[in-house]
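Text of model-v9.cif, listed as mmCIF, C-alpha atoms and all ligand atoms:
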data_entry
#
loop_
_atom_site.label_atom_id
_atom_site.label_comp_id
_atom_site.auth_asym_id
_atom_site.auth_seq_id
_atom_site.Cartn_x
_atom_site.Cartn_y
_atom_site.Cartn_z
CA MET A 1 -149.44 106.30 -17.72
CA LYS A 2 -146.70 103.79 -17.04
CA LEU A 3 -143.04 103.81 -16.07
CA VAL A 4 -141.00 101.23 -17.97
CA THR A 5 -137.67 100.47 -16.27
CA GLY A 6 -134.95 98.41 -17.90
CA ILE A 7 -131.70 97.10 -16.42
CA ILE A 8 -129.49 96.31 -19.37
CA GLN A 9 -125.91 95.64 -20.30
CA PRO A 10 -124.03 98.95 -20.72
CA HIS A 11 -122.82 98.08 -24.22
CA ARG A 12 -126.44 97.82 -25.42
CA LEU A 13 -127.36 101.37 -24.39
CA ASP A 14 -126.83 102.98 -27.78
CA ASP A 15 -128.91 100.37 -29.58
CA VAL A 16 -131.65 100.61 -26.97
CA LYS A 17 -131.74 104.40 -27.32
CA SER A 18 -132.04 104.07 -31.09
CA ALA A 19 -134.82 101.51 -30.75
CA LEU A 20 -136.67 103.78 -28.33
CA GLU A 21 -136.36 106.75 -30.66
CA ALA A 22 -137.64 104.61 -33.52
CA ALA A 23 -140.59 103.71 -31.27
CA GLY A 24 -141.36 107.40 -30.86
CA VAL A 25 -139.91 107.91 -27.39
CA ARG A 26 -138.74 111.49 -26.89
CA GLY A 27 -137.48 111.40 -23.31
CA MET A 28 -135.77 108.95 -21.00
CA THR A 29 -133.61 108.84 -17.89
CA VAL A 30 -130.42 106.82 -17.66
CA SER A 31 -128.37 105.95 -14.57
CA GLU A 32 -125.77 103.52 -13.31
CA ALA A 33 -126.51 100.38 -11.36
CA SER A 34 -124.92 97.11 -10.33
CA GLY A 35 -126.64 93.87 -11.02
CA TYR A 36 -126.84 90.65 -9.14
CA GLY A 37 -128.45 88.13 -11.49
CA ARG A 38 -129.51 84.56 -10.76
CA GLN A 39 -126.37 83.01 -12.25
CA LYS A 40 -125.38 81.44 -8.94
CA GLY A 41 -122.15 79.63 -9.65
CA HIS A 42 -122.11 80.89 -13.20
CA THR A 43 -120.16 83.83 -14.53
CA GLU A 44 -120.93 86.89 -16.58
CA VAL A 45 -118.37 88.59 -18.80
CA TYR A 46 -118.09 92.38 -18.79
CA ARG A 47 -115.39 94.11 -20.88
CA GLY A 48 -113.35 90.96 -21.05
CA ALA A 49 -113.40 90.41 -17.31
CA GLU A 50 -115.36 87.61 -15.67
CA TYR A 51 -117.64 88.47 -12.78
CA THR A 52 -118.40 85.40 -10.72
CA VAL A 53 -120.53 85.84 -7.67
CA ASP A 54 -121.71 89.32 -7.64
CA LEU A 55 -121.62 92.83 -8.91
CA VAL A 56 -121.89 93.35 -12.64
CA PRO A 57 -122.09 96.90 -14.04
CA LYS A 58 -125.47 97.62 -15.60
CA VAL A 59 -127.34 100.60 -16.95
CA ARG A 60 -130.82 101.60 -15.85
CA ILE A 61 -133.19 103.14 -18.38
CA GLU A 62 -136.51 104.65 -17.39
CA VAL A 63 -139.20 105.72 -19.81
CA LEU A 64 -142.52 107.32 -18.91
CA VAL A 65 -145.12 106.34 -21.52
CA SER A 66 -148.82 106.49 -22.18
CA ASP A 67 -150.76 103.27 -21.59
CA GLU A 68 -151.06 102.54 -25.30
CA ASP A 69 -147.28 102.72 -25.83
CA VAL A 70 -146.21 100.41 -23.04
CA THR A 71 -145.99 97.21 -25.09
CA ALA A 72 -144.10 98.85 -27.95
CA VAL A 73 -141.62 100.45 -25.55
CA THR A 74 -141.09 97.28 -23.52
CA ASP A 75 -140.57 95.27 -26.72
CA ALA A 76 -138.15 97.88 -28.05
CA ILE A 77 -135.96 97.62 -24.96
CA VAL A 78 -136.07 93.81 -24.85
CA GLY A 79 -135.38 93.53 -28.57
CA ALA A 80 -132.46 95.94 -28.65
CA ALA A 81 -130.86 94.75 -25.39
CA GLN A 82 -131.04 91.05 -26.21
CA THR A 83 -127.85 89.17 -27.03
CA GLY A 84 -129.07 85.74 -25.84
CA LYS A 85 -126.48 85.58 -23.08
CA ILE A 86 -126.95 85.21 -19.33
CA GLY A 87 -127.33 88.64 -17.72
CA ASP A 88 -128.99 90.35 -20.69
CA GLY A 89 -131.32 92.25 -18.42
CA LYS A 90 -134.72 92.78 -16.93
CA VAL A 91 -137.55 95.12 -17.83
CA TRP A 92 -140.53 95.96 -15.65
CA VAL A 93 -143.62 98.15 -15.82
CA VAL A 94 -145.22 100.16 -13.02
CA SER A 95 -148.43 102.22 -13.15
CA VAL A 96 -148.01 105.96 -12.71
CA ASP A 97 -150.74 108.11 -11.11
CA ASP A 98 -149.56 111.41 -12.51
CA VAL A 99 -146.75 113.07 -14.46
CA ALA A 100 -145.86 116.77 -14.47
CA ARG A 101 -143.63 118.75 -16.86
CA VAL A 102 -141.67 121.15 -14.66
CA ARG A 103 -141.22 123.89 -17.28
CA THR A 104 -144.93 124.34 -17.95
CA GLY A 105 -146.62 122.78 -14.95
CA GLU A 106 -148.67 120.55 -17.30
CA HIS A 107 -149.99 117.31 -15.83
CA GLY A 108 -151.08 113.96 -17.24
CA ASP A 109 -150.55 112.66 -20.77
CA ALA A 110 -149.78 116.20 -21.95
CA ALA A 111 -146.72 116.15 -19.70
CA LEU A 112 -145.20 113.00 -21.21
CA MET B 1 -148.86 106.22 0.40
CA LYS B 2 -147.15 107.55 -2.71
CA LEU B 3 -143.64 107.87 -4.08
CA VAL B 4 -143.02 111.21 -5.79
CA THR B 5 -139.98 111.13 -8.10
CA GLY B 6 -138.51 114.23 -9.68
CA ILE B 7 -135.77 114.54 -12.30
CA ILE B 8 -134.50 118.09 -12.04
CA GLN B 9 -131.62 120.29 -13.02
CA PRO B 10 -128.76 119.87 -10.52
CA HIS B 11 -128.51 123.57 -9.80
CA ARG B 12 -132.13 123.57 -8.54
CA LEU B 13 -131.50 120.93 -5.86
CA ASP B 14 -130.96 123.31 -2.96
CA ASP B 15 -134.11 125.27 -3.72
CA VAL B 16 -136.10 122.09 -4.14
CA LYS B 17 -134.85 120.77 -0.80
CA SER B 18 -135.85 124.03 0.90
CA ALA B 19 -139.27 123.93 -0.71
CA LEU B 20 -139.75 120.35 0.42
CA GLU B 21 -138.74 121.18 3.97
CA ALA B 22 -141.16 124.10 3.94
CA ALA B 23 -143.84 121.64 2.80
CA GLY B 24 -143.12 119.51 5.86
CA VAL B 25 -141.04 116.79 4.19
CA ARG B 26 -138.57 115.24 6.62
CA GLY B 27 -136.89 112.63 4.45
CA MET B 28 -135.87 112.21 0.83
CA THR B 29 -133.44 110.29 -1.34
CA VAL B 30 -131.22 111.95 -3.92
CA SER B 31 -129.17 110.33 -6.68
CA GLU B 32 -127.50 111.09 -9.98
CA ALA B 33 -129.02 110.51 -13.38
CA SER B 34 -128.60 111.49 -17.01
CA GLY B 35 -131.47 112.87 -18.93
CA TYR B 36 -132.53 112.55 -22.50
CA GLY B 37 -135.29 115.10 -23.04
CA ARG B 38 -137.41 115.63 -26.12
CA GLN B 39 -135.35 118.54 -27.41
CA LYS B 40 -134.48 116.66 -30.60
CA GLY B 41 -132.22 118.98 -32.55
CA HIS B 42 -132.32 121.54 -29.77
CA THR B 43 -129.70 122.08 -27.11
CA GLU B 44 -129.64 122.35 -23.35
CA VAL B 45 -127.04 124.32 -21.45
CA TYR B 46 -125.41 122.83 -18.35
CA ARG B 47 -122.64 124.74 -16.55
CA GLY B 48 -121.94 126.83 -19.59
CA ALA B 49 -121.56 123.84 -21.88
CA GLU B 50 -124.11 123.00 -24.55
CA TYR B 51 -125.42 119.46 -24.71
CA THR B 52 -126.90 118.74 -28.10
CA VAL B 53 -128.34 115.36 -28.76
CA ASP B 54 -128.09 113.46 -25.64
CA LEU B 55 -126.93 113.09 -22.09
CA VAL B 56 -127.58 115.96 -19.72
CA PRO B 57 -126.64 115.64 -16.03
CA LYS B 58 -129.74 115.58 -13.83
CA VAL B 59 -130.57 114.91 -10.20
CA ARG B 60 -133.23 112.45 -9.07
CA ILE B 61 -135.23 113.23 -5.94
CA GLU B 62 -137.56 110.70 -4.36
CA VAL B 63 -140.01 111.47 -1.60
CA LEU B 64 -142.33 109.00 0.11
CA VAL B 65 -145.46 110.82 1.24
CA SER B 66 -148.91 110.14 2.62
CA ASP B 67 -151.78 110.37 0.14
CA GLU B 68 -152.91 113.75 1.45
CA ASP B 69 -149.46 115.31 0.93
CA VAL B 70 -148.90 114.24 -2.65
CA THR B 71 -150.20 117.39 -4.34
CA ALA B 72 -148.31 119.73 -2.03
CA VAL B 73 -145.06 117.80 -2.51
CA THR B 74 -145.44 117.56 -6.28
CA ASP B 75 -146.20 121.28 -6.48
CA ALA B 76 -143.24 122.10 -4.24
CA ILE B 77 -140.85 120.26 -6.56
CA VAL B 78 -142.33 121.72 -9.75
CA GLY B 79 -142.38 125.23 -8.30
CA ALA B 80 -138.85 125.20 -6.98
CA ALA B 81 -137.29 123.44 -9.98
CA GLN B 82 -138.95 125.61 -12.61
CA THR B 83 -136.85 128.11 -14.55
CA GLY B 84 -139.05 128.14 -17.68
CA LYS B 85 -136.29 126.67 -19.84
CA ILE B 86 -136.27 123.48 -21.91
CA GLY B 87 -135.10 120.58 -19.77
CA ASP B 88 -136.45 121.85 -16.45
CA GLY B 89 -137.54 118.41 -15.42
CA LYS B 90 -140.22 115.83 -14.89
CA VAL B 91 -142.10 114.72 -11.78
CA TRP B 92 -144.18 111.58 -11.44
CA VAL B 93 -146.21 109.83 -8.77
CA VAL B 94 -146.50 106.11 -8.10
CA SER B 95 -148.70 104.35 -5.52
CA VAL B 96 -146.87 102.54 -2.74
CA ASP B 97 -148.32 99.43 -1.09
CA ASP B 98 -146.23 99.61 2.07
CA VAL B 99 -143.36 101.46 3.73
CA ALA B 100 -141.18 100.21 6.59
CA ARG B 101 -138.79 102.13 8.86
CA VAL B 102 -135.76 99.87 9.27
CA ARG B 103 -134.75 101.12 12.73
CA THR B 104 -138.07 100.32 14.36
CA GLY B 105 -139.74 97.87 12.01
CA GLU B 106 -142.81 100.15 11.84
CA HIS B 107 -144.99 99.84 8.73
CA GLY B 108 -147.45 102.09 6.92
CA ASP B 109 -148.00 105.81 7.48
CA ALA B 110 -146.16 105.59 10.80
CA ALA B 111 -143.02 104.66 8.88
CA LEU B 112 -143.05 107.74 6.65
CA MET C 1 -145.48 91.01 -8.86
CA LYS C 2 -143.91 93.62 -6.62
CA LEU C 3 -140.80 95.77 -6.54
CA VAL C 4 -139.26 96.03 -3.07
CA THR C 5 -136.88 98.99 -2.74
CA GLY C 6 -134.63 99.51 0.26
CA ILE C 7 -132.43 102.48 1.14
CA ILE C 8 -129.92 101.18 3.65
CA GLN C 9 -126.62 102.01 5.26
CA PRO C 10 -123.76 100.96 2.95
CA HIS C 11 -122.05 98.86 5.61
CA ARG C 12 -125.17 96.66 5.87
CA LEU C 13 -125.15 95.67 2.19
CA ASP C 14 -123.32 92.37 2.58
CA ASP C 15 -125.60 91.21 5.37
CA VAL C 16 -128.67 92.27 3.43
CA LYS C 17 -127.49 90.37 0.36
CA SER C 18 -126.93 87.24 2.47
CA ALA C 19 -130.36 87.58 4.04
CA LEU C 20 -131.94 87.97 0.61
CA GLU C 21 -130.15 84.90 -0.71
CA ALA C 22 -131.29 82.95 2.33
CA ALA C 23 -134.84 84.12 1.51
CA GLY C 24 -134.48 82.64 -1.97
CA VAL C 25 -133.83 85.83 -3.90
CA ARG C 26 -131.79 85.18 -7.02
CA GLY C 27 -131.52 88.65 -8.51
CA MET C 28 -131.30 92.22 -7.31
CA THR C 29 -130.13 95.64 -8.43
CA VAL C 30 -127.89 97.85 -6.31
CA SER C 31 -127.05 101.53 -6.79
CA GLU C 32 -125.75 104.54 -4.93
CA ALA C 33 -127.91 107.20 -3.35
CA SER C 34 -127.73 110.01 -0.83
CA GLY C 35 -130.17 110.16 2.01
CA TYR C 36 -131.81 113.01 3.78
CA GLY C 37 -133.51 111.53 6.84
CA ARG C 38 -135.75 113.28 9.34
CA GLN C 39 -132.97 113.87 11.87
CA LYS C 40 -133.39 117.62 11.70
CA GLY C 41 -130.76 119.02 14.03
CA HIS C 42 -129.47 115.57 14.80
CA THR C 43 -126.46 113.90 13.28
CA GLU C 44 -125.71 110.61 11.60
CA VAL C 45 -122.30 108.98 11.66
CA TYR C 46 -120.86 107.46 8.47
CA ARG C 47 -117.33 105.99 8.47
CA GLY C 48 -116.40 107.94 11.55
CA ALA C 49 -117.53 111.25 10.11
CA GLU C 50 -120.58 113.08 11.38
CA TYR C 51 -123.11 114.29 8.84
CA THR C 52 -125.25 117.02 10.30
CA VAL C 53 -127.89 118.55 8.14
CA ASP C 54 -127.89 116.70 4.97
CA LEU C 55 -126.40 114.20 2.62
CA VAL C 56 -125.56 110.79 3.99
CA PRO C 57 -124.26 108.07 1.65
CA LYS C 58 -126.76 105.24 1.27
CA VAL C 59 -127.20 102.17 -0.88
CA ARG C 60 -130.36 101.39 -2.83
CA ILE C 61 -131.41 97.77 -3.26
CA GLU C 62 -134.22 96.75 -5.57
CA VAL C 63 -135.75 93.30 -5.69
CA LEU C 64 -138.51 92.14 -8.02
CA VAL C 65 -140.54 89.43 -6.30
CA SER C 66 -143.73 87.45 -6.70
CA ASP C 67 -146.66 88.58 -4.55
CA GLU C 68 -146.24 85.70 -2.13
CA ASP C 69 -142.60 86.56 -1.42
CA VAL C 70 -143.05 90.24 -0.66
CA THR C 71 -143.33 89.95 3.12
CA ALA C 72 -140.38 87.60 3.44
CA VAL C 73 -138.19 89.84 1.29
CA THR C 74 -139.22 93.04 3.06
CA ASP C 75 -138.58 91.42 6.43
CA ALA C 76 -135.21 90.12 5.26
CA ILE C 77 -134.06 93.60 4.29
CA VAL C 78 -135.38 95.24 7.46
CA GLY C 79 -133.92 92.53 9.68
CA ALA C 80 -130.47 92.52 8.11
CA ALA C 81 -130.18 96.31 7.75
CA GLN C 82 -131.30 97.12 11.29
CA THR C 83 -128.77 98.39 13.81
CA GLY C 84 -131.26 100.37 15.93
CA LYS C 85 -129.62 103.67 15.11
CA ILE C 86 -131.09 106.79 13.48
CA GLY C 87 -130.77 106.54 9.72
CA ASP C 88 -131.02 102.75 9.46
CA GLY C 89 -133.11 102.97 6.34
CA LYS C 90 -136.44 102.74 4.61
CA VAL C 91 -138.07 99.97 2.61
CA TRP C 92 -141.10 100.34 0.34
CA VAL C 93 -143.17 98.14 -1.93
CA VAL C 94 -144.71 99.04 -5.29
CA SER C 95 -146.95 96.88 -7.49
CA VAL C 96 -145.51 95.83 -10.83
CA ASP C 97 -147.74 95.27 -13.89
CA ASP C 98 -145.27 93.16 -15.83
CA VAL C 99 -141.68 91.88 -15.83
CA ALA C 100 -139.69 90.65 -18.83
CA ARG C 101 -136.44 88.67 -18.99
CA VAL C 102 -134.43 90.21 -21.82
CA ARG C 103 -132.49 87.06 -22.76
CA THR C 104 -135.59 84.95 -23.40
CA GLY C 105 -138.38 87.48 -23.84
CA GLU C 106 -140.38 85.69 -21.11
CA HIS C 107 -142.97 87.79 -19.27
CA GLY C 108 -144.68 87.60 -15.89
CA ASP C 109 -143.73 85.41 -12.94
CA ALA C 110 -141.60 83.24 -15.25
CA ALA C 111 -139.37 86.26 -15.83
CA LEU C 112 -138.60 86.87 -12.16
N1 LIG D 201 -135.31 89.83 -9.13
C1 LIG D 201 -134.65 90.94 -9.51
N2 LIG D 201 -134.92 92.10 -8.91
C2 LIG D 201 -134.29 93.23 -9.27
N3 LIG D 201 -133.37 93.29 -10.22
C3 LIG D 201 -133.07 92.16 -10.86
C4 LIG D 201 -133.68 90.92 -10.54
N4 LIG D 201 -133.15 89.97 -11.35
C5 LIG D 201 -132.26 90.59 -12.12
N5 LIG D 201 -132.21 91.89 -11.84
C6 LIG D 201 -131.39 92.92 -12.47
O1 LIG D 201 -131.37 92.70 -13.85
C7 LIG D 201 -130.03 92.48 -14.26
C8 LIG D 201 -130.03 91.50 -15.35
O2 LIG D 201 -130.56 90.32 -14.84
P1 LIG D 201 -130.39 88.99 -15.62
O3 LIG D 201 -130.44 89.30 -17.09
O4 LIG D 201 -129.21 88.24 -15.12
O5 LIG D 201 -131.75 88.29 -15.20
P2 LIG D 201 -131.93 86.75 -15.02
O6 LIG D 201 -133.35 86.56 -14.61
O7 LIG D 201 -130.86 86.24 -14.14
O8 LIG D 201 -131.77 86.22 -16.50
P3 LIG D 201 -130.62 85.30 -17.15
O9 LIG D 201 -131.04 83.90 -16.90
O10 LIG D 201 -130.65 85.63 -18.60
O11 LIG D 201 -129.32 85.67 -16.51
C9 LIG D 201 -129.33 92.01 -13.01
O12 LIG D 201 -127.94 92.25 -13.13
C10 LIG D 201 -129.98 92.87 -11.97
O13 LIG D 201 -129.47 94.19 -12.01
N1 LIG D 202 -140.59 110.23 -21.08
C1 LIG D 202 -139.67 110.30 -20.15
N2 LIG D 202 -139.37 109.22 -19.41
C2 LIG D 202 -138.44 109.25 -18.45
N3 LIG D 202 -137.73 110.33 -18.15
C3 LIG D 202 -137.98 111.45 -18.86
C4 LIG D 202 -138.94 111.49 -19.88
N4 LIG D 202 -138.94 112.74 -20.41
C5 LIG D 202 -138.02 113.42 -19.72
N5 LIG D 202 -137.45 112.66 -18.78
C6 LIG D 202 -136.42 113.03 -17.83
O1 LIG D 202 -136.69 114.29 -17.33
C7 LIG D 202 -135.61 115.15 -17.65
C8 LIG D 202 -136.15 116.49 -17.93
O2 LIG D 202 -136.98 116.38 -19.04
P1 LIG D 202 -137.44 117.65 -19.77
O3 LIG D 202 -137.61 118.75 -18.79
O4 LIG D 202 -136.56 117.91 -20.95
O5 LIG D 202 -138.88 117.17 -20.24
P2 LIG D 202 -139.58 117.58 -21.55
O6 LIG D 202 -140.89 116.86 -21.58
O7 LIG D 202 -138.63 117.37 -22.68
O8 LIG D 202 -139.88 119.13 -21.31
P3 LIG D 202 -139.25 120.42 -22.04
O9 LIG D 202 -140.09 120.64 -23.23
O10 LIG D 202 -139.38 121.51 -21.03
O11 LIG D 202 -137.81 120.12 -22.35
C9 LIG D 202 -134.94 114.51 -18.84
O12 LIG D 202 -133.61 114.96 -18.92
C10 LIG D 202 -135.06 113.06 -18.48
O13 LIG D 202 -134.11 112.71 -17.47
N1 LIG D 203 -139.83 110.22 3.14
C1 LIG D 203 -138.78 109.70 2.50
N2 LIG D 203 -138.82 109.62 1.16
C2 LIG D 203 -137.81 109.07 0.47
N3 LIG D 203 -136.71 108.60 1.04
C3 LIG D 203 -136.63 108.65 2.38
C4 LIG D 203 -137.64 109.21 3.18
N4 LIG D 203 -137.27 109.13 4.48
C5 LIG D 203 -136.07 108.55 4.47
N5 LIG D 203 -135.68 108.26 3.23
C6 LIG D 203 -134.44 107.62 2.80
O1 LIG D 203 -134.15 106.57 3.66
C7 LIG D 203 -132.90 106.82 4.27
C8 LIG D 203 -132.94 106.33 5.66
O2 LIG D 203 -133.92 107.05 6.32
P1 LIG D 203 -133.99 107.02 7.86
O3 LIG D 203 -133.57 105.66 8.32
O4 LIG D 203 -133.28 108.19 8.44
O5 LIG D 203 -135.55 107.16 8.05
P2 LIG D 203 -136.25 107.89 9.23
O6 LIG D 203 -137.71 107.79 8.97
O7 LIG D 203 -135.63 109.23 9.39
O8 LIG D 203 -135.90 106.94 10.45
P3 LIG D 203 -134.97 107.20 11.74
O9 LIG D 203 -135.87 107.87 12.74
O10 LIG D 203 -134.52 105.86 12.17
O11 LIG D 203 -133.82 108.08 11.30
C9 LIG D 203 -132.71 108.31 4.15
O12 LIG D 203 -131.34 108.63 4.24
C10 LIG D 203 -133.29 108.58 2.81
O13 LIG D 203 -132.40 108.17 1.78
MG MG D 204 -128.88 86.36 -14.66
MG MG D 205 -136.86 118.42 -22.82
MG MG D 206 -133.67 109.50 9.88
#
Serialized structure, structure tokens:
Amino acid sequence: MKLVTGIIQPHRLDDVKSALEAAGVRGMTVSEASGYGRQKGHTEVYRGAEYTVDLVPKVRIEVLVSDEDVTAVTDAIVGAAQTGKIGDGKVWVVSVDDVARVRTGEHGDAAL
Amino acid sequence: MKLVTGIIQPHRLDDVKSALEAAGVRGMTVSEASGYGRQKGHTEVYRGAEYTVDLVPKVRIEVLVSDEDVTAVTDAIVGAAQTGKIGDGKVWVVSVDDVARVRTGEHGDAAL
Amino acid sequence: MKLVTGIIQPHRLDDVKSALEAAGVRGMTVSEASGYGRQKGHTEVYRGAEYTVDLVPKVRIEVLVSDEDVTAVTDAIVGAAQTGKIGDGKVWVVSVDDVARVRTGEHGDAAL
């Protein structure tokens, strides 16, 4: 099992959720974050305001997936979050030893 | 070393903290998240309000543990968070290469 | 590739960011968290207020790095966050299978 984490622009969240649903994802976790990209000296625009040095509001999406779904899920996030502009986001994949569903106590792929 | 992450219902946080303390856990990190479970078409209830499609407030708990404690800590979270209702939560385990305690600069199990 | 996560005192964030920049880091993600350290019965001070049992405001920093940079980045966070006081923070390292840059679709070290 894998955990796919994406840091994306907030205004892409709805499209990313739709893309994930279309890819068969039935659960995800979303939270707020602030991003510091590599645009040293450049600027990023967020809701009409320019952010120069530092903090840009971002959204974090996390999706637990089976090994065979990791490419499809990563591609879904990248594809739906992409605008071609600086600061579009980052996606990374980490291996997961175990997953449990709290309601049933199930473990492993059955708990995804 | 392992990182155990749980996404639970906010009203279970106090019980989960107590269960973790009883399991010998001395440190944890808590943060806010929004959950999108697999209850497509179903509803979850949070503070009397029904959430249909989408965002349900959740709490994230993270606990760094030694390898031998991972089952006890996972079970403590699942046991204390469980109500038997849809949306009870998810727990997952990831392997950690290294941990450092900032105050002392210690690394490894001594830093847990 | 590795993900280095630090939970630090909020008032150390600026120094940690500077130390990371000096270590060559060009991107990072920052978010809010609450910490429960092992100071059972002790207290931590945050903005003049004493927190006894429980919740202390913390900042989470996450940095994706190449394998060869992981020690420098970990040391930069520990060094810049350290005050020598209880509750200074925790840093941990997790292995990352893949990273993608959303704007370009690049994967691997090129996406860092
Ligand atoms: N090395 C990193 N470690 C952790 N988070 C990162 C890293 N780089 C970027 N991020 C996060 O991802 C968000 C989006 O990054 P961003 O799209 O700017 O990446 P980038 O590599 O700078 O690409 P671009 O050249 O398109 O700007 C950042 O705001 C930050 O939250
Ligand atoms: N695949 C997933 N990836 C990431 N987070 C998830 C995933 N599935 C669920 N979560 C998170 O865990 C929370 C609780 O999930 P939930 O308990 O609804 O899991 P479930 O598998 O749908 O089980 P149930 O059938 O009991 O509802 C969700 O609100 C979401 O934050
Ligand atoms: N085992 C743990 N798992 C997850 N997060 C932890 C753990 N221990 C500490 N943390 C997080 O790191 C923050 C800082 O921890 P803290 O510096 O108090 O660590 P400590 O091991 O108790 O060291 P000290 O003896 O210096 O207090 C905590 O507030 C919490 O957010
Ligand atoms: Mg950037
Ligand atoms: Mg559900
Ligand atoms: Mg402590």
Within 6 Å of ligand LIG 203 (chain D) (counting only C-alpha atoms and all ligand atoms), which residues show up? I'd like them as a PDB file with C-alpha atoms, in the coordinates of the input.
ATOM      1  CA  GLY B  27    -136.890 112.630   4.450  1.00  0.00           C
ATOM      2  CA  MET B  28    -135.870 112.210   0.830  1.00  0.00           C
ATOM      3  CA  THR B  29    -133.440 110.290  -1.340  1.00  0.00           C
ATOM      4  CA  GLU B  62    -137.560 110.700  -4.360  1.00  0.00           C
ATOM      5  CA  VAL B  63    -140.010 111.470  -1.600  1.00  0.00           C
ATOM      6  CA  LEU B  64    -142.330 109.000   0.110  1.00  0.00           C
ATOM      7  CA  VAL B  65    -145.460 110.820   1.240  1.00  0.00           C
ATOM      8  CA  ARG B 101    -138.790 102.130   8.860  1.00  0.00           C
ATOM      9  CA  ARG B 103    -134.750 101.120  12.730  1.00  0.00           C
ATOM     10  CA  LEU B 112    -143.050 107.740   6.650  1.00  0.00           C
TER      11      LEU B 112
ATOM     12  CA  ILE C   7    -132.430 102.480   1.140  1.00  0.00           C
ATOM     13  CA  SER C  34    -127.730 110.010  -0.830  1.00  0.00           C
ATOM     14  CA  GLY C  35    -130.170 110.160   2.010  1.00  0.00           C
ATOM     15  CA  TYR C  36    -131.810 113.010   3.780  1.00  0.00           C
ATOM     16  CA  GLY C  37    -133.510 111.530   6.840  1.00  0.00           C
ATOM     17  CA  ARG C  38    -135.750 113.280   9.340  1.00  0.00           C
ATOM     18  CA  GLN C  39    -132.970 113.870  11.870  1.00  0.00           C
ATOM     19  CA  ILE C  86    -131.090 106.790  13.480  1.00  0.00           C
ATOM     20  CA  GLY C  87    -130.770 106.540   9.720  1.00  0.00           C
ATOM     21  CA  ASP C  88    -131.020 102.750   9.460  1.00  0.00           C
ATOM     22  CA  GLY C  89    -133.110 102.970   6.340  1.00  0.00           C
ATOM     23  CA  LYS C  90    -136.440 102.740   4.610  1.00  0.00           C
TER      24      LYS C  90
END
- Message: Residues of chain C within 12 Å of chain B, counting all atoms listed in the file - could you list those as a PyMOL selection string?
- Response: chain C and resi 1-9+12+16+31-41+53-60+67+70-71+74-96
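Across the model, the gap from atom O3 of ligand LIG 202 (chain D) to CA of His11 (chain A) is 26.0 Å.
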- Query: At what distance in Å, to one decimal, does CA of Ala22 (chain B) lie from atom O8 of ligand LIG 202 (chain D)?
  - Reply: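 Going from atom O8 of ligand LIG 202 (chain D) over to CA of Ala22 (chain B), I get 25.8 Å.
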Centre and edge lengths, as AutoDock Vina command-line options, for the axis-aligned box enclosing every listed atom of region 86-97 of chain A with 8 Å of padding on each of the six sides, in Å to one decimal?
--center_x -138.8 --center_y 96.7 --center_z -15.9 --size_x 39.8 --size_y 38.9 --size_z 25.6
- Would you work out the distance separating atom O10 of ligand LIG 201 (chain D) from CA of Glu21 (chain C), expressed in Å to one decimal?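 A separation of 17.9 Å between them.
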Place N, CA, C and O atoms on region 101-108 of chain C and deliver the coordinates as a PDB file, in the coordinates of the input.
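Once written, result.pdb looks like this:
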ATOM      1  N   ARG C 101    -137.851  89.056 -18.965  1.00  0.00           N
ATOM      2  CA  ARG C 101    -136.440  88.670 -18.990  1.00  0.00           C
ATOM      3  C   ARG C 101    -135.917  88.939 -20.395  1.00  0.00           C
ATOM      4  O   ARG C 101    -136.433  88.379 -21.372  1.00  0.00           O
ATOM      5  N   VAL C 102    -134.896  89.778 -20.510  1.00  0.00           N
ATOM      6  CA  VAL C 102    -134.430  90.210 -21.820  1.00  0.00           C
ATOM      7  C   VAL C 102    -133.892  89.044 -22.641  1.00  0.00           C
ATOM      8  O   VAL C 102    -134.188  88.923 -23.835  1.00  0.00           O
ATOM      9  N   ARG C 103    -133.120  88.161 -22.010  1.00  0.00           N
ATOM     10  CA  ARG C 103    -132.490  87.060 -22.760  1.00  0.00           C
ATOM     11  C   ARG C 103    -133.497  86.196 -23.498  1.00  0.00           C
ATOM     12  O   ARG C 103    -133.255  85.781 -24.634  1.00  0.00           O
ATOM     13  N   THR C 104    -134.626  85.902 -22.850  1.00  0.00           N
ATOM     14  CA  THR C 104    -135.590  84.950 -23.400  1.00  0.00           C
ATOM     15  C   THR C 104    -136.865  85.606 -23.928  1.00  0.00           C
ATOM     16  O   THR C 104    -137.644  84.958 -24.624  1.00  0.00           O
ATOM     17  N   GLY C 105    -137.110  86.851 -23.501  1.00  0.00           N
ATOM     18  CA  GLY C 105    -138.380  87.480 -23.840  1.00  0.00           C
ATOM     19  C   GLY C 105    -139.555  86.983 -23.009  1.00  0.00           C
ATOM     20  O   GLY C 105    -140.703  87.363 -23.267  1.00  0.00           O
ATOM     21  N   GLU C 106    -139.293  86.136 -22.006  1.00  0.00           N
ATOM     22  CA  GLU C 106    -140.380  85.690 -21.110  1.00  0.00           C
ATOM     23  C   GLU C 106    -140.987  86.869 -20.369  1.00  0.00           C
ATOM     24  O   GLU C 106    -140.268  87.811 -20.015  1.00  0.00           O
ATOM     25  N   HIS C 107    -142.274  86.767 -20.057  1.00  0.00           N
ATOM     26  CA  HIS C 107    -142.970  87.790 -19.270  1.00  0.00           C
ATOM     27  C   HIS C 107    -143.605  87.169 -18.032  1.00  0.00           C
ATOM     28  O   HIS C 107    -143.822  85.965 -17.959  1.00  0.00           O
ATOM     29  N   GLY C 108    -143.920  88.032 -17.070  1.00  0.00           N
ATOM     30  CA  GLY C 108    -144.680  87.600 -15.890  1.00  0.00           C
ATOM     31  C   GLY C 108    -143.812  86.880 -14.878  1.00  0.00           C
ATOM     32  O   GLY C 108    -142.581  87.024 -14.869  1.00  0.00           O
TER      33      GLY C 108
END
